[in-house]
Amino acid sequence: MRQEELREEFTRLTRLETLKDCSDLLDIYLKYFFEVIRKNPGESKTTAESEAKLVHQMIFTKMGHLKELIKGFEYEKDGVKLNKIVDPTVIASHIRNLFETVAMFNLVFINPATADEKTILYNLWVSAGLKFRQRFEIVVKKGESQEKLDNEKQQIEDLKTEIEDTALYKSLDKKEQNKIQTKLTNKDYKIQFKDSKVDFLSWQRTVPVMGIKEGLMDTIYTYFSLYAHPSNVSVFQFADMFKKDDNPFLYLTTFNLKTFSF
């Protein structure tokens, strides 16, 4: 490919002006992720490393489903046909899930600077998931399921103890230790260590953790959340998405995909 052709292809795959452009870019990402998965089949040294690989595979499958979603949907019944459309609200909801998955991957597996930071972030993440699953205790029957829940209760306690036994946790003052205890209680893990302080993060504030310059995507998570929930805003905007004249759903879909690729 000549330099001019390469420049044109790069421009096409960064501007993403059509659904085909979006699909072609997703193909590139999917090829990359699949190659990484295929070339790293060996056993992992730790459970955390094994689960990091699984999260990578989850991102791959989520992107594959995203590629299928932009193929669109059409319907015909009793001679009445709905022309093919792509629903930007569905795309936005899926991208929000990918945003959280990529943010979690960076927060738990990439961003921690020391072994103790990694232990605390990973244990908070695992504990949060197990505590959410404990909610099912009221509906499980006696036997194997109850035994599993009991084992997970012990695991939650062991994770807490392991956090408290790290040199980093012990070096924090009481106020900062209490912040970690708050996250354990609230079934959350979004924290960052800065100068012996525990910094609480929201999903919006994980953007810099992912290596994106602060300020570039400050409101993008809120934008996707408007569509992930049946808010009034998502409903009245839906009414304007499928006008025959200019097909705004196409622009909104490509915008969502451009943000995702960024």
# chains A, B, ... in the order shown; residues from 1 in each chain; ligands from 1
$ residues_around --residues "Ile163 of chain A" --least-positions-apart "2" --cutoff "8 Å" --atoms "only C-alpha atoms" --output "list in words"
Thr119, Ile120, Asn123, Leu159, Lys160, Thr161, Asp165, Thr166 and Tyr169 of chain A
$ select_by_dssp --residues "segment 125-181 of chain A" --states "alpha helix (DSSP H)" --output "compact mmCIF listing (two decimals) with N, CA and C atoms, in the first residue's frame"
# COMPACT_ATOMS: atom_id res chain seq x y z
N TRP A 125 -12.07 -5.91 44.22
CA TRP A 125 -12.85 -6.29 43.04
C TRP A 125 -13.52 -7.65 43.25
N VAL A 126 -12.75 -8.62 43.71
CA VAL A 126 -13.29 -9.97 43.94
C VAL A 126 -14.34 -9.93 45.04
N SER A 127 -14.05 -9.22 46.12
CA SER A 127 -14.98 -9.14 47.24
C SER A 127 -16.30 -8.51 46.81
N ALA A 128 -16.23 -7.46 46.01
CA ALA A 128 -17.45 -6.79 45.54
C ALA A 128 -18.33 -7.75 44.76
N GLY A 129 -17.74 -8.54 43.88
CA GLY A 129 -18.51 -9.49 43.10
C GLY A 129 -19.14 -10.57 43.95
N LEU A 130 -18.37 -11.09 44.91
CA LEU A 130 -18.90 -12.14 45.77
C LEU A 130 -20.02 -11.62 46.67
N LYS A 131 -19.87 -10.39 47.15
CA LYS A 131 -20.91 -9.82 48.02
C LYS A 131 -22.21 -9.58 47.26
N PHE A 132 -22.10 -9.17 46.01
CA PHE A 132 -23.31 -9.02 45.21
C PHE A 132 -24.01 -10.36 45.04
N ARG A 133 -23.19 -11.43 44.85
CA ARG A 133 -23.80 -12.74 44.66
C ARG A 133 -24.43 -13.27 45.94
N GLU A 144 -25.93 -28.02 47.89
CA GLU A 144 -24.70 -27.56 47.26
C GLU A 144 -24.65 -26.05 47.13
N SER A 145 -25.77 -25.39 46.73
CA SER A 145 -25.79 -23.95 46.55
C SER A 145 -25.53 -23.22 47.86
N GLN A 146 -26.15 -23.69 48.94
CA GLN A 146 -25.94 -23.07 50.24
C GLN A 146 -24.50 -23.25 50.70
N GLU A 147 -23.95 -24.42 50.44
CA GLU A 147 -22.55 -24.67 50.80
C GLU A 147 -21.62 -23.73 50.05
N LYS A 148 -21.95 -23.48 48.80
CA LYS A 148 -21.13 -22.57 48.00
C LYS A 148 -21.19 -21.16 48.56
N LEU A 149 -22.39 -20.72 48.94
CA LEU A 149 -22.53 -19.38 49.52
C LEU A 149 -21.75 -19.28 50.84
N ASP A 150 -21.79 -20.32 51.65
CA ASP A 150 -21.06 -20.32 52.91
C ASP A 150 -19.55 -20.24 52.66
N ASN A 151 -19.08 -20.98 51.66
CA ASN A 151 -17.66 -20.93 51.31
C ASN A 151 -17.25 -19.54 50.83
N GLU A 152 -18.16 -18.90 50.09
CA GLU A 152 -17.85 -17.57 49.58
C GLU A 152 -17.84 -16.54 50.70
N LYS A 153 -18.68 -16.73 51.72
CA LYS A 153 -18.64 -15.85 52.89
C LYS A 153 -17.26 -15.90 53.54
N GLN A 154 -16.72 -17.09 53.66
CA GLN A 154 -15.39 -17.24 54.24
C GLN A 154 -14.34 -16.61 53.33
N GLN A 155 -14.52 -16.78 52.03
CA GLN A 155 -13.58 -16.19 51.08
C GLN A 155 -13.58 -14.66 51.21
N ILE A 156 -14.76 -14.08 51.40
CA ILE A 156 -14.87 -12.62 51.56
C ILE A 156 -14.08 -12.18 52.79
N GLU A 157 -14.18 -12.93 53.87
CA GLU A 157 -13.43 -12.60 55.09
C GLU A 157 -11.94 -12.74 54.85
N ASP A 158 -11.54 -13.78 54.11
CA ASP A 158 -10.12 -13.99 53.82
C ASP A 158 -9.56 -12.86 52.96
N LEU A 159 -10.35 -12.38 52.01
CA LEU A 159 -9.91 -11.27 51.16
C LEU A 159 -9.70 -10.02 51.99
N LYS A 160 -10.60 -9.76 52.92
CA LYS A 160 -10.49 -8.60 53.81
C LYS A 160 -9.23 -8.70 54.66
N THR A 161 -8.99 -9.88 55.21
CA THR A 161 -7.81 -10.09 56.04
C THR A 161 -6.54 -9.89 55.24
N GLU A 162 -6.52 -10.39 54.01
CA GLU A 162 -5.33 -10.25 53.17
C GLU A 162 -5.05 -8.78 52.86
N ILE A 163 -6.10 -7.99 52.65
CA ILE A 163 -5.92 -6.55 52.44
C ILE A 163 -5.30 -5.91 53.68
N GLU A 164 -5.86 -6.24 54.84
CA GLU A 164 -5.42 -5.62 56.10
C GLU A 164 -4.01 -6.06 56.49
N ALA A 167 1.50 -4.47 53.83
CA ALA A 167 2.30 -3.38 54.42
C ALA A 167 1.72 -2.02 54.04
N LEU A 168 1.16 -1.92 52.83
CA LEU A 168 0.58 -0.66 52.38
C LEU A 168 -0.61 -0.27 53.25
N TYR A 169 -1.51 -1.20 53.50
CA TYR A 169 -2.68 -0.90 54.33
C TYR A 169 -2.25 -0.49 55.73
N LYS A 170 -1.29 -1.20 56.29
CA LYS A 170 -0.83 -0.89 57.65
C LYS A 170 -0.15 0.46 57.73
N SER A 171 0.44 0.91 56.61
CA SER A 171 1.14 2.20 56.61
C SER A 171 0.19 3.40 56.49
N LYS A 174 -5.54 6.08 59.90
CA LYS A 174 -6.85 5.48 60.15
C LYS A 174 -7.90 5.97 59.16
N LYS A 175 -7.85 7.25 58.81
CA LYS A 175 -8.83 7.81 57.88
C LYS A 175 -8.76 7.12 56.54
N GLU A 176 -7.55 6.88 56.03
CA GLU A 176 -7.38 6.24 54.72
C GLU A 176 -7.74 4.76 54.79
N GLN A 177 -7.43 4.11 55.91
CA GLN A 177 -7.85 2.72 56.09
C GLN A 177 -9.37 2.60 56.07
N ASN A 178 -10.03 3.57 56.69
CA ASN A 178 -11.50 3.55 56.73
C ASN A 178 -12.11 3.70 55.34
N LYS A 179 -11.41 4.40 54.47
CA LYS A 179 -11.90 4.52 53.09
C LYS A 179 -11.95 3.15 52.42
N ILE A 180 -10.91 2.34 52.65
CA ILE A 180 -10.88 0.99 52.08
C ILE A 180 -11.98 0.14 52.70
N GLN A 181 -12.18 0.28 54.01
CA GLN A 181 -13.25 -0.46 54.67
C GLN A 181 -14.61 -0.05 54.13
$ closest_atom_pairs --of "segment 93-196 of chain A" --to "segment 64-67 of chain A" --cutoff "10 Å" --atoms "only C-alpha atoms" --output "JSON lines"
{"residue": "A:His94", "atom": "CA", "partner": "A:Leu66", "partner_atom": "CA", "distance": 7.2}
{"residue": "A:Ile95", "atom": "CA", "partner": "A:Leu66", "partner_atom": "CA", "distance": 8.0}
{"residue": "A:Leu98", "atom": "CA", "partner": "A:Leu66", "partner_atom": "CA", "distance": 9.6}
$ closest_residue --among "A:Leu16, A:Asp245, A:Ser23, A:Ala113" --to "Leu69 of chain A" --atoms "only C-alpha atoms"
A:Ser23
$ closest_residue --among "A:Leu121, A:Ile110, A:Ser50, A:Tyr75" --to "Gly211 of chain A" --atoms "only C-alpha atoms"
A:Ile110
